[in-house]
$ cat coords.cif   # mmCIF, C-alpha atoms and all ligand atoms
data_query
#
loop_
_atom_site.label_atom_id
_atom_site.label_comp_id
_atom_site.auth_asym_id
_atom_site.auth_seq_id
_atom_site.Cartn_x
_atom_site.Cartn_y
_atom_site.Cartn_z
CA MET A 17 0.00 0.00 0.00
CA THR A 18 2.88 2.39 0.72
CA GLU A 19 4.25 1.78 -2.77
CA VAL A 20 0.94 2.89 -4.30
CA LEU A 21 0.64 5.98 -2.10
CA LEU A 22 4.28 7.05 -2.50
CA GLY A 23 3.77 6.47 -6.23
CA GLU A 24 1.02 9.10 -6.20
CA LEU A 25 3.62 11.60 -4.95
CA SER A 26 6.60 10.53 -6.99
CA ASP A 27 6.31 13.15 -9.74
CA VAL A 28 5.84 16.05 -7.33
CA GLY A 29 8.90 18.28 -7.06
CA ARG A 30 11.07 15.92 -9.13
CA ASP A 31 14.40 17.76 -9.41
CA PRO A 32 16.35 17.67 -12.70
CA ALA A 33 19.48 17.49 -10.53
CA GLY A 34 18.18 14.25 -8.96
CA GLY A 35 15.72 13.30 -6.25
CA VAL A 36 12.91 15.63 -5.15
CA THR A 37 12.91 19.25 -4.01
CA ARG A 38 9.78 20.06 -2.01
CA PHE A 39 10.34 23.29 -0.13
CA ALA A 40 7.77 24.69 2.28
CA TRP A 41 5.05 26.82 0.65
CA ALA A 42 6.51 26.29 -2.85
CA VAL A 43 4.32 24.96 -5.70
CA SER A 44 5.51 21.36 -5.16
CA GLU A 45 4.68 21.45 -1.46
CA LEU A 46 1.27 22.99 -2.11
CA GLU A 47 0.57 20.03 -4.43
CA LEU A 48 1.45 17.68 -1.58
CA ARG A 49 -0.98 19.56 0.67
CA GLU A 50 -3.73 19.02 -1.91
CA TRP A 51 -2.81 15.35 -2.05
CA PHE A 52 -3.05 15.13 1.77
CA THR A 53 -6.48 16.76 1.76
CA ALA A 54 -7.78 14.48 -1.02
CA ARG A 55 -6.34 11.37 0.63
CA ALA A 56 -7.94 12.27 3.97
CA ALA A 57 -11.28 13.07 2.33
CA ALA A 58 -11.25 9.69 0.57
CA LEU A 59 -10.95 8.07 4.02
CA GLY A 60 -13.75 10.22 5.43
CA LEU A 61 -11.39 12.20 7.70
CA ASP A 62 -11.95 15.88 8.53
CA VAL A 63 -8.99 18.02 7.42
CA GLU A 64 -7.88 21.29 8.93
CA THR A 65 -4.80 23.47 8.54
CA ASP A 66 -3.68 24.93 11.84
CA GLY A 67 -2.39 28.47 12.30
CA ASN A 68 1.17 27.37 11.57
CA GLY A 69 0.40 25.48 8.37
CA ASN A 70 0.43 21.98 9.87
CA LEU A 71 -2.18 19.67 8.32
CA TRP A 72 -4.43 17.54 10.54
CA ALA A 73 -6.81 14.79 9.39
CA TRP A 74 -9.17 13.74 12.17
CA TRP A 75 -10.85 10.41 12.78
CA GLY A 76 -13.44 10.69 15.55
CA ALA A 77 -12.57 14.28 16.47
CA SER A 78 -15.63 14.48 18.75
CA LEU A 79 -14.73 11.37 20.75
CA PRO A 80 -13.81 11.96 24.41
CA GLY A 81 -10.20 12.15 25.56
CA THR A 82 -7.00 13.45 24.05
CA ALA A 83 -5.93 12.52 20.53
CA PHE A 84 -3.56 9.78 19.48
CA VAL A 85 -1.55 11.41 16.69
CA VAL A 86 0.48 9.69 13.95
CA GLY A 87 2.26 11.21 10.96
CA SER A 88 5.41 13.05 9.91
CA HIS A 89 6.11 15.68 7.24
CA LEU A 90 5.86 16.08 3.44
CA ASP A 91 8.56 18.65 2.60
CA SER A 92 12.09 17.65 1.58
CA VAL A 93 15.63 18.97 1.44
CA ARG A 94 16.97 20.01 -1.96
CA SER A 95 17.39 16.87 -4.12
CA GLY A 96 16.22 14.70 -1.26
CA GLY A 97 14.84 11.17 -1.29
CA ASP A 98 11.24 10.02 -1.68
CA TRP A 99 10.99 8.50 1.80
CA ASP A 100 12.09 11.01 4.45
CA GLY A 101 8.80 12.40 5.72
CA PRO A 102 6.23 11.05 3.24
CA LEU A 103 6.75 7.46 4.45
CA GLY A 104 5.39 8.46 7.87
CA VAL A 105 2.35 10.27 6.45
CA VAL A 106 1.58 7.56 3.89
CA SER A 107 1.96 4.82 6.52
CA ALA A 108 -0.39 6.70 8.86
CA PHE A 109 -3.07 6.89 6.17
CA ALA A 110 -2.49 3.22 5.30
CA ALA A 111 -2.93 2.24 8.97
CA VAL A 112 -6.21 4.18 9.18
CA GLU A 113 -7.41 2.65 5.93
CA SER A 114 -6.76 -0.91 7.02
CA LEU A 115 -8.41 -0.37 10.43
CA ARG A 116 -11.46 1.19 8.77
CA ALA A 117 -11.63 -1.68 6.27
CA GLU A 118 -11.97 -4.19 9.08
CA GLY A 119 -14.65 -2.10 10.81
CA TRP A 120 -12.48 -1.17 13.80
CA MET A 121 -13.43 2.10 15.51
CA PRO A 122 -11.25 4.22 17.80
CA THR A 123 -12.44 5.08 21.31
CA ARG A 124 -10.46 8.35 21.36
CA PRO A 125 -9.71 10.83 18.58
CA VAL A 126 -7.04 9.78 16.09
CA ALA A 127 -5.25 12.33 13.92
CA VAL A 128 -2.90 12.02 10.97
CA VAL A 129 -0.55 15.02 10.91
CA ALA A 130 1.80 16.48 8.29
CA PHE A 131 4.00 19.07 9.99
CA ALA A 132 4.99 22.08 7.89
CA ASP A 133 8.59 22.81 6.88
CA GLU A 134 10.31 20.06 8.87
CA GLU A 135 13.54 20.15 6.88
CA GLY A 136 14.14 23.87 6.97
CA GLY A 137 15.35 23.52 3.38
CA ARG A 138 14.00 26.91 2.32
CA PHE A 139 14.21 29.19 5.36
CA GLY A 140 17.07 27.50 7.20
CA LEU A 141 15.26 26.61 10.43
CA ALA A 142 14.21 22.98 10.81
CA CYS A 143 10.92 21.79 12.36
CA LEU A 144 9.37 25.22 11.86
CA GLY A 145 5.73 24.03 11.95
CA SER A 146 6.12 22.10 15.19
CA ARG A 147 8.39 24.73 16.80
CA LEU A 148 5.85 27.45 16.09
CA LEU A 149 3.05 25.25 17.43
CA THR A 150 4.88 24.63 20.72
CA GLY A 151 6.29 28.16 20.99
CA ALA A 152 9.90 26.94 20.69
CA VAL A 153 10.39 29.68 18.10
CA SER A 154 8.57 33.02 18.09
CA SER A 155 6.28 33.98 15.22
CA SER A 156 8.10 37.29 14.71
CA HIS A 157 11.46 35.51 14.33
CA ALA A 158 10.01 32.85 12.01
CA LEU A 159 8.01 35.19 9.78
CA ALA A 160 11.10 37.32 9.13
CA LEU A 161 13.22 34.38 7.93
CA VAL A 162 14.23 34.73 4.27
CA ASP A 163 14.90 32.18 1.55
CA GLU A 164 17.75 32.48 -0.95
CA THR A 165 15.66 34.72 -3.24
CA GLY A 166 14.94 37.17 -0.43
CA THR A 167 11.32 36.06 0.08
CA THR A 168 10.29 36.04 3.74
CA LEU A 169 8.30 33.23 5.33
CA ALA A 170 5.51 35.78 5.84
CA GLU A 171 5.46 36.54 2.11
CA ALA A 172 5.62 32.86 1.12
CA MET A 173 2.74 31.95 3.46
CA THR A 174 0.65 34.89 2.26
CA ALA A 175 1.25 34.00 -1.40
CA ALA A 176 0.05 30.47 -0.62
CA GLY A 177 -3.13 31.87 0.89
CA HIS A 178 -2.22 31.33 4.55
CA ASP A 179 -3.26 34.00 7.07
CA ILE A 180 -0.05 34.91 8.91
CA ARG A 181 -2.00 36.48 11.77
CA ARG A 182 -2.70 32.88 12.84
CA VAL A 183 1.02 32.01 13.15
CA GLY A 184 2.22 31.38 16.70
CA PRO A 185 1.95 29.13 19.76
CA ASP A 186 -1.24 27.08 19.98
CA PRO A 187 -1.56 25.72 23.53
CA GLY A 188 -5.17 24.64 22.96
CA ARG A 189 -4.14 22.35 20.11
CA LEU A 190 -1.15 21.02 22.06
CA ALA A 191 -3.45 20.16 24.96
CA ARG A 192 -5.51 18.00 22.61
CA ILE A 193 -2.49 15.83 21.71
CA GLY A 194 -2.38 12.90 24.14
CA SER A 195 0.60 11.29 22.45
CA PHE A 196 2.41 11.32 19.11
CA VAL A 197 4.09 8.49 17.22
CA GLU A 198 6.17 9.38 14.15
CA LEU A 199 7.16 6.65 11.72
CA HIS A 200 10.26 7.54 9.70
CA ILE A 201 12.77 5.98 7.35
CA GLU A 202 15.95 5.00 9.17
CA GLN A 203 18.79 7.51 8.68
CA GLY A 204 22.37 6.38 9.01
CA ARG A 205 23.43 3.08 10.53
CA MET A 206 23.31 4.09 14.16
CA PRO A 207 24.86 1.93 16.90
CA LEU A 208 22.54 -0.43 18.80
CA ALA A 209 23.11 -1.49 22.40
CA ASP A 210 24.61 -4.82 21.27
CA GLY A 211 27.06 -3.11 18.92
CA ALA A 212 25.17 -3.92 15.71
CA ARG A 213 24.96 -1.05 13.23
CA GLY A 214 21.44 -0.07 12.27
CA LEU A 215 18.41 -2.22 11.53
CA ALA A 216 20.31 -3.88 8.69
CA GLY A 217 22.90 -5.01 11.25
CA ALA A 218 20.15 -6.19 13.58
CA GLY A 219 18.36 -8.01 10.76
CA ARG A 220 15.03 -6.36 11.66
CA PRO A 221 12.62 -4.36 9.46
CA VAL A 222 11.35 -2.00 12.19
CA GLY A 223 12.87 -0.43 15.29
CA VAL A 224 12.02 2.26 17.84
CA ALA A 225 13.95 5.42 18.66
CA ARG A 226 15.42 5.76 22.14
CA GLU A 227 16.59 9.36 21.94
CA ILE A 228 17.78 12.13 19.67
CA TRP A 229 21.43 12.95 20.23
CA PRO A 230 22.36 16.38 21.57
CA HIS A 231 23.30 18.68 18.72
CA GLY A 232 25.21 21.94 18.57
CA ARG A 233 26.28 24.39 15.88
CA TRP A 234 29.15 26.84 16.28
CA ARG A 235 30.73 29.54 14.12
CA ILE A 236 34.42 30.38 14.29
CA ASP A 237 35.66 33.68 12.83
CA LEU A 238 39.39 33.99 12.12
CA ALA A 239 40.94 37.36 11.33
CA GLY A 240 43.79 37.84 8.87
CA VAL A 241 45.83 40.70 7.44
CA PRO A 242 44.82 41.17 3.79
CA ASP A 243 47.71 41.68 1.41
CA HIS A 244 49.01 40.94 -2.09
CA ALA A 245 49.57 37.25 -2.94
CA GLY A 246 52.51 38.12 -5.18
CA THR A 247 54.43 40.53 -2.97
CA THR A 248 54.01 39.34 0.64
CA ALA A 249 56.74 37.03 1.95
CA LEU A 250 55.42 33.83 3.53
CA ALA A 251 57.02 34.76 6.84
CA ASP A 252 55.18 38.11 6.89
CA ARG A 253 51.67 36.72 6.35
CA VAL A 254 48.74 36.44 8.73
CA ASP A 255 46.63 34.06 6.62
CA PRO A 256 43.31 33.02 8.24
CA VAL A 257 42.74 30.31 5.63
CA LEU A 258 45.66 28.33 7.06
CA ALA A 259 44.14 28.56 10.53
CA MET A 260 40.76 27.56 9.10
CA ALA A 261 42.33 24.46 7.54
CA GLU A 262 43.93 23.55 10.87
CA GLY A 263 40.55 23.99 12.53
CA ILE A 264 38.82 21.69 10.05
CA VAL A 265 41.43 18.99 10.55
CA GLU A 266 41.19 19.40 14.34
CA VAL A 267 37.37 18.98 14.22
CA ARG A 268 37.76 15.67 12.47
CA ARG A 269 40.64 14.48 14.69
CA ALA A 270 38.84 15.38 17.93
CA ALA A 271 35.57 13.80 16.75
CA ALA A 272 37.38 10.50 16.14
CA GLU A 273 39.14 10.72 19.53
CA LEU A 274 35.91 11.49 21.38
CA GLY A 275 33.74 9.00 19.49
CA ILE A 276 31.20 11.57 18.26
CA LEU A 277 30.17 13.03 14.88
CA ALA A 278 31.41 16.47 13.85
CA THR A 279 31.30 18.17 10.48
CA VAL A 280 32.49 21.34 8.81
CA GLY A 281 30.07 21.71 5.91
CA ARG A 282 30.28 25.45 5.43
CA VAL A 283 33.19 27.89 5.23
CA ARG A 284 33.47 31.50 4.14
CA VAL A 285 36.62 33.26 2.98
CA LEU A 286 36.63 37.04 2.46
CA PRO A 287 37.15 38.78 0.16
CA GLY A 288 37.58 35.53 -1.74
CA ALA A 289 40.10 36.74 -4.31
CA VAL A 290 42.50 34.25 -5.90
CA ASN A 291 45.43 36.69 -5.72
CA ALA A 292 44.95 38.09 -2.21
CA ILE A 293 45.61 36.87 1.30
CA ALA A 294 42.20 36.69 2.95
CA SER A 295 41.08 39.28 5.50
CA SER A 296 38.91 36.76 7.32
CA ALA A 297 37.86 33.13 7.26
CA SER A 298 34.89 31.55 9.00
CA LEU A 299 33.95 27.94 9.52
CA TRP A 300 30.81 26.35 10.92
CA VAL A 301 31.00 23.25 13.10
CA ASP A 302 28.07 20.83 13.49
CA ALA A 303 28.68 18.36 16.34
CA ARG A 304 26.48 15.63 17.82
CA GLY A 305 26.91 12.49 19.85
CA GLU A 306 25.39 10.39 22.58
CA ASP A 307 27.17 12.25 25.40
CA PRO A 308 26.67 16.05 25.50
CA SER A 309 29.89 16.57 27.49
CA ARG A 310 31.89 15.01 24.65
CA VAL A 311 30.22 17.31 22.13
CA ARG A 312 31.27 20.30 24.23
CA GLU A 313 34.75 18.80 24.71
CA LEU A 314 35.21 18.83 20.93
CA VAL A 315 34.57 22.56 20.88
CA ALA A 316 37.13 23.05 23.65
CA HIS A 317 39.70 21.09 21.60
CA VAL A 318 39.12 23.36 18.61
CA GLU A 319 39.34 26.49 20.78
CA ARG A 320 42.69 25.38 22.24
CA ARG A 321 44.03 24.65 18.77
CA LEU A 322 42.95 27.96 17.21
CA GLY A 323 43.04 30.28 20.22
CA VAL A 324 39.60 31.58 19.26
CA ALA A 325 36.37 30.85 21.13
CA PRO A 326 33.73 29.30 18.83
CA ALA A 327 30.43 31.21 18.97
CA LEU A 328 27.44 28.99 19.77
CA GLU A 329 24.69 29.36 17.13
CA SER A 330 22.31 26.67 18.37
CA TRP A 331 22.16 23.93 20.99
CA THR A 332 19.55 21.20 21.37
CA ASP A 333 20.06 18.99 24.40
CA ILE A 334 19.48 15.24 24.35
CA THR A 335 15.81 14.43 23.69
CA ARG A 336 14.69 11.19 25.34
CA PHE A 337 11.47 9.73 23.98
CA ASP A 338 8.74 8.69 26.41
CA ALA A 339 9.74 5.34 27.95
CA VAL A 340 6.17 4.22 28.74
CA LEU A 341 4.86 5.06 25.26
CA THR A 342 7.92 3.48 23.62
CA ALA A 343 7.33 0.30 25.65
CA ASP A 344 3.69 0.34 24.53
CA VAL A 345 4.75 0.77 20.91
CA ALA A 346 7.23 -2.11 21.17
CA ALA A 347 4.61 -4.32 22.86
CA ALA A 348 2.09 -3.55 20.10
CA ILE A 349 4.64 -4.58 17.46
CA GLY A 350 5.58 -7.72 19.40
CA GLY A 351 8.78 -9.74 19.34
CA GLU A 352 12.16 -8.16 19.79
CA VAL A 353 12.16 -4.54 18.68
CA PRO A 354 15.61 -2.93 18.40
CA GLU A 355 16.13 0.48 20.04
CA LEU A 356 18.16 3.02 18.08
CA PRO A 357 19.39 6.54 18.78
CA SER A 358 18.68 9.22 16.20
CA GLY A 359 21.39 11.57 15.01
CA ALA A 360 18.82 13.68 13.15
CA GLY A 361 16.21 16.01 14.62
CA HIS A 362 12.48 15.40 14.11
CA ASP A 363 9.11 17.00 14.88
CA ALA A 364 8.68 14.16 17.39
CA GLY A 365 11.67 15.62 19.27
CA VAL A 366 10.14 19.09 19.30
CA LEU A 367 6.85 17.76 20.70
CA SER A 368 8.74 15.68 23.24
CA LEU A 369 10.59 18.78 24.48
CA ALA A 370 7.16 20.44 24.85
CA GLY A 371 6.16 17.68 27.29
CA ILE A 372 4.03 15.52 24.98
CA PRO A 373 4.59 11.75 25.29
CA THR A 374 6.26 10.92 22.00
CA ALA A 375 7.79 7.86 20.33
CA MET A 376 9.30 7.06 16.94
CA LEU A 377 9.36 4.03 14.68
CA PHE A 378 12.15 3.53 12.15
CA VAL A 379 11.80 1.46 8.97
CA ARG A 380 14.98 -0.25 7.80
CA ASN A 381 17.07 1.64 5.25
CA PRO A 382 19.67 -0.92 4.06
CA THR A 383 22.45 1.60 3.41
CA GLY A 384 21.33 4.28 5.86
CA VAL A 385 21.74 6.90 3.12
CA SER A 386 19.24 9.76 3.58
CA HIS A 387 18.66 13.31 2.29
CA SER A 388 19.71 11.84 -1.04
CA PRO A 389 18.07 10.26 -4.10
CA GLU A 390 19.68 7.00 -2.93
CA GLU A 391 17.47 6.89 0.18
CA HIS A 392 15.52 3.63 0.05
CA ALA A 393 13.44 1.06 1.89
CA GLU A 394 12.33 -2.32 0.60
CA GLU A 395 8.61 -2.60 -0.08
CA SER A 396 8.28 -5.50 2.37
CA ASP A 397 9.94 -3.40 5.10
CA ALA A 398 7.63 -0.44 4.41
CA GLU A 399 4.68 -2.83 4.74
CA ALA A 400 6.13 -4.11 8.03
CA GLY A 401 6.19 -0.46 9.13
CA VAL A 402 2.50 -0.04 8.25
CA ALA A 403 1.64 -3.27 10.10
CA ALA A 404 3.56 -1.99 13.14
CA LEU A 405 1.88 1.42 13.05
CA THR A 406 -1.54 -0.22 12.61
CA ALA A 407 -0.92 -2.37 15.68
CA VAL A 408 0.17 0.74 17.61
CA VAL A 409 -2.99 2.68 16.70
CA ARG A 410 -5.15 -0.33 17.60
CA ARG A 411 -3.47 -0.61 21.01
CA MET A 412 -3.32 3.11 21.84
CA ALA A 413 -6.69 4.26 20.51
CA GLY A 414 -8.82 1.13 21.01
ZN ZN A 501 12.21 13.61 8.15
#

$ encode --input "coords.cif" --output "structure tokens"
Amino acid sequence: MTEVLLGELSDVGRDPAGGVTRFAWAVSELELREWFTARAAALGLDVETDGNGNLWAWWGASLPGTAFVVGSHLDSVRSGGDWDGPLGVVSAFAAVESLRAEGWMPTRPVAVVAFADEEGGRFGLACLGSRLLTGAVSSSHALALVDETGTTLAEAMTAAGHDIRRVGPDPGRLARIGSFVELHIEQGRMPLADGARGLAGAGRPVGVAREIWPHGRWRIDLAGVPDHAGTTALADRVDPVLAMAEGIVEVRRAAAELGILATVGRVRVLPGAVNAIASSASLWVDARGEDPSRVRELVAHVERRLGVAPALESWTDITRFDAVLTADVAAAIGGEVPELPSGAGHDAGVLSLAGIPTAMLFVRNPTGVSHSPEEHAEESDAEAGVAALTAVVRRMAG
């Protein structure tokens, strides 16, 4: 069933450079919103768009109690894969469809959600829909974010017909969410407790997330003395690009020593002339790992090496998913369910930080490759994910 539903989406946002590009509030993403609405209507679910652009499809909205929510997101990174996000939404609809087909009825409200702008591919801030909902980011900050063409989020939302006066924290809606389970394609081949790497290593189609690793971003600015490349003796130079290179190598060396992940994926050299010694060089460090003290230790290593204090741009502490809900999810699936950490952030993490009991299911990705056209799950594993999610809904909302 997931193959059919993902097939309905496969042409949307197809990027000539490979994969799919489905940025928030762009034409491709608006098409996905229409698909969501049509899909929900076909199942007899009531659809609403909340003030922050998140889509909700309700089954039994008037039933007593708080809602059991399943879903994920529909947007993608540039040239991303077909699975990251849509698999969770498609699987949620498939679970509802199979429960309806057998005449099962929930005893509490069930909602399928598609959170807006999870990837941050356009405006640079991930999980925007869920962060606005919970108040983790302010509406004024979010609405002023700009994409690479200079369009603000406010302008993009308005052009898509969304009333930006509705953007902001929504405590009433949050209070209606009893718990949230997000199914997602596995990303990376993360270490399991027994040392196996990923679900492929464990030989299992479906696992649950234990936690999201703490994650920090830092910027390091290095000053130089700009001068002529042809007339300045090597001994007389203050070249910040050399220091930047040392910093990059130190990030990698310290990450290996500390057993964490750290990346320099962005640098900036000014003025950027081929024949001039640079006046400044900046590098950005992304670091994550199981132990937050090791992540911070990496930054201290880099500071000692360069003699410059990295400036913290963002920090998200470890996010532990709800142990009781996760145990319920595993019990609903049955058998041995591997527990994995996540190195990537998710809307489920944002809701968890807002105090909502939250759990995640991962569907095996044989190579672990994600945010890439190579991202993939076997059809039989995707179906195992739907079966797992169906069992979870039956247990939690029955
Ligand atoms: Zn995702």

$ residues_near_ligand --input "coords.cif" --ligand "ligand ZN 501 (chain A)" --cutoff "10 Å" --atoms "all atoms listed in the file" --output "PyMOL selection string"
chain A and resi 88-93+99-104+133-135+142-143+198-203+360-364+386-387

$ write_last_selection --input "coords.cif" --atoms "C-alpha atoms" --output "CSV table (one decimal), in the coordinates of the input"
chain,number,residue,atom,x,y,z
A,88,SER,CA,5.4,13.0,9.9
A,89,HIS,CA,6.1,15.7,7.2
A,90,LEU,CA,5.9,16.1,3.4
A,91,ASP,CA,8.6,18.6,2.6
A,92,SER,CA,12.1,17.6,1.6
A,93,VAL,CA,15.6,19.0,1.4
A,99,TRP,CA,11.0,8.5,1.8
A,100,ASP,CA,12.1,11.0,4.4
A,101,GLY,CA,8.8,12.4,5.7
A,102,PRO,CA,6.2,11.0,3.2
A,103,LEU,CA,6.8,7.5,4.4
A,104,GLY,CA,5.4,8.5,7.9
A,133,ASP,CA,8.6,22.8,6.9
A,134,GLU,CA,10.3,20.1,8.9
A,135,GLU,CA,13.5,20.2,6.9
A,142,ALA,CA,14.2,23.0,10.8
A,143,CYS,CA,10.9,21.8,12.4
A,198,GLU,CA,6.2,9.4,14.2
A,199,LEU,CA,7.2,6.6,11.7
A,200,HIS,CA,10.3,7.5,9.7
A,201,ILE,CA,12.8,6.0,7.4
A,202,GLU,CA,16.0,5.0,9.2
A,203,GLN,CA,18.8,7.5,8.7
A,360,ALA,CA,18.8,13.7,13.2
A,361,GLY,CA,16.2,16.0,14.6
A,362,HIS,CA,12.5,15.4,14.1
A,363,ASP,CA,9.1,17.0,14.9
A,364,ALA,CA,8.7,14.2,17.4
A,386,SER,CA,19.2,9.8,3.6
A,387,HIS,CA,18.7,13.3,2.3

$ residues_around --input "coords.cif" --residues "A:Gly281" --least-positions-apart "3" --cutoff "10 Å" --atoms "all atoms listed in the file" --output "list in words"
Ile264, Ala278, Leu299, Trp300, Val301 and Asp302 of chain A

$ closest_residue --input "coords.cif" --among "A:Asp252, A:Glu329, A:Glu352, A:Glu395" --to "A:Arg235" --atoms "only C-alpha atoms"
A:Glu329

$ closest_residue --input "coords.cif" --among "A:Arg94, A:Phe337, A:Arg410, A:Gly351" --to "A:Gly140" --atoms "all atoms listed in the file"
A:Arg94

$ residues_around --input "coords.cif" --residues "A:Val265" --least-positions-apart "2" --cutoff "12 Å" --atoms "only C-alpha atoms" --output "list of chain:residue names"
A:Leu258, A:Ala259, A:Met260, A:Ala261, A:Glu262, A:Gly263, A:Val267, A:Arg268, A:Arg269, A:Ala270, A:Ala271, A:Ala272, A:Ala278, A:Thr279, A:Val280, A:Leu299, A:Val301, A:His317, A:Val318, A:Arg321, A:Leu322

$ residues_around --input "coords.cif" --residues "A:Arg30" --least-positions-apart "3" --cutoff "12 Å" --atoms "only C-alpha atoms" --output "PDB file with C-alpha atoms, keeping the file's coordinate frame"
ATOM      1  CA  LEU A  25       3.620  11.600  -4.950  1.00  0.00           C
ATOM      2  CA  SER A  26       6.600  10.530  -6.990  1.00  0.00           C
ATOM      3  CA  ASP A  27       6.310  13.150  -9.740  1.00  0.00           C
ATOM      4  CA  ALA A  33      19.480  17.490 -10.530  1.00  0.00           C
ATOM      5  CA  GLY A  34      18.180  14.250  -8.960  1.00  0.00           C
ATOM      6  CA  GLY A  35      15.720  13.300  -6.250  1.00  0.00           C
ATOM      7  CA  VAL A  36      12.910  15.630  -5.150  1.00  0.00           C
ATOM      8  CA  THR A  37      12.910  19.250  -4.010  1.00  0.00           C
ATOM      9  CA  ARG A  38       9.780  20.060  -2.010  1.00  0.00           C
ATOM     10  CA  PHE A  39      10.340  23.290  -0.130  1.00  0.00           C
ATOM     11  CA  VAL A  43       4.320  24.960  -5.700  1.00  0.00           C
ATOM     12  CA  SER A  44       5.510  21.360  -5.160  1.00  0.00           C
ATOM     13  CA  GLU A  45       4.680  21.450  -1.460  1.00  0.00           C
ATOM     14  CA  SER A  92      12.090  17.650   1.580  1.00  0.00           C
ATOM     15  CA  VAL A  93      15.630  18.970   1.440  1.00  0.00           C
ATOM     16  CA  ARG A  94      16.970  20.010  -1.960  1.00  0.00           C
ATOM     17  CA  SER A  95      17.390  16.870  -4.120  1.00  0.00           C
ATOM     18  CA  GLY A  96      16.220  14.700  -1.260  1.00  0.00           C
ATOM     19  CA  GLY A  97      14.840  11.170  -1.290  1.00  0.00           C
ATOM     20  CA  ASP A  98      11.240  10.020  -1.680  1.00  0.00           C
ATOM     21  CA  PRO A 389      18.070  10.260  -4.100  1.00  0.00           C
TER      22      PRO A 389
END

$ atom_distance --input "coords.cif" --atom1 "atom CA of A:Val408" --atom2 "atom CA of A:Ala108"
10.6 Å

$ residues_around --input "coords.cif" --residues "stretch 109-123 of chain A" --least-positions-apart "3" --cutoff "8 Å" --atoms "all atoms listed in the file" --output "PyMOL selection string"
chain A and resi 17-18+55-56+59+75-76+79-80+105-106+126+128+402-403+405-406+409-410+413-414

$ closest_residue --input "coords.cif" --among "A:Pro185, A:Gly136, A:Pro357, A:Gly217" --to "A:Phe378" --atoms "only C-alpha atoms"
A:Pro357

$ closest_residue --input "coords.cif" --among "A:Leu149, A:Ala339, A:Leu46, A:Met376" --to "A:Ala175" --atoms "all atoms listed in the file"
A:Leu46

$ atom_distance --input "coords.cif" --atom1 "atom CA of A:Gly204" --atom2 "atom CA of A:Arg312"
22.5 Å

$ atom_distance --input "coords.cif" --atom1 "atom CA of A:Arg282" --atom2 "atom CA of A:Asp243"
24.2 Å

$ residues_around --input "coords.cif" --residues "A:Leu208" --least-positions-apart "4" --cutoff "7 Å" --atoms "all atoms listed in the file" --output "list in words"
Ala212, Arg213, Gly214, Glu355 and Leu356 of chain A
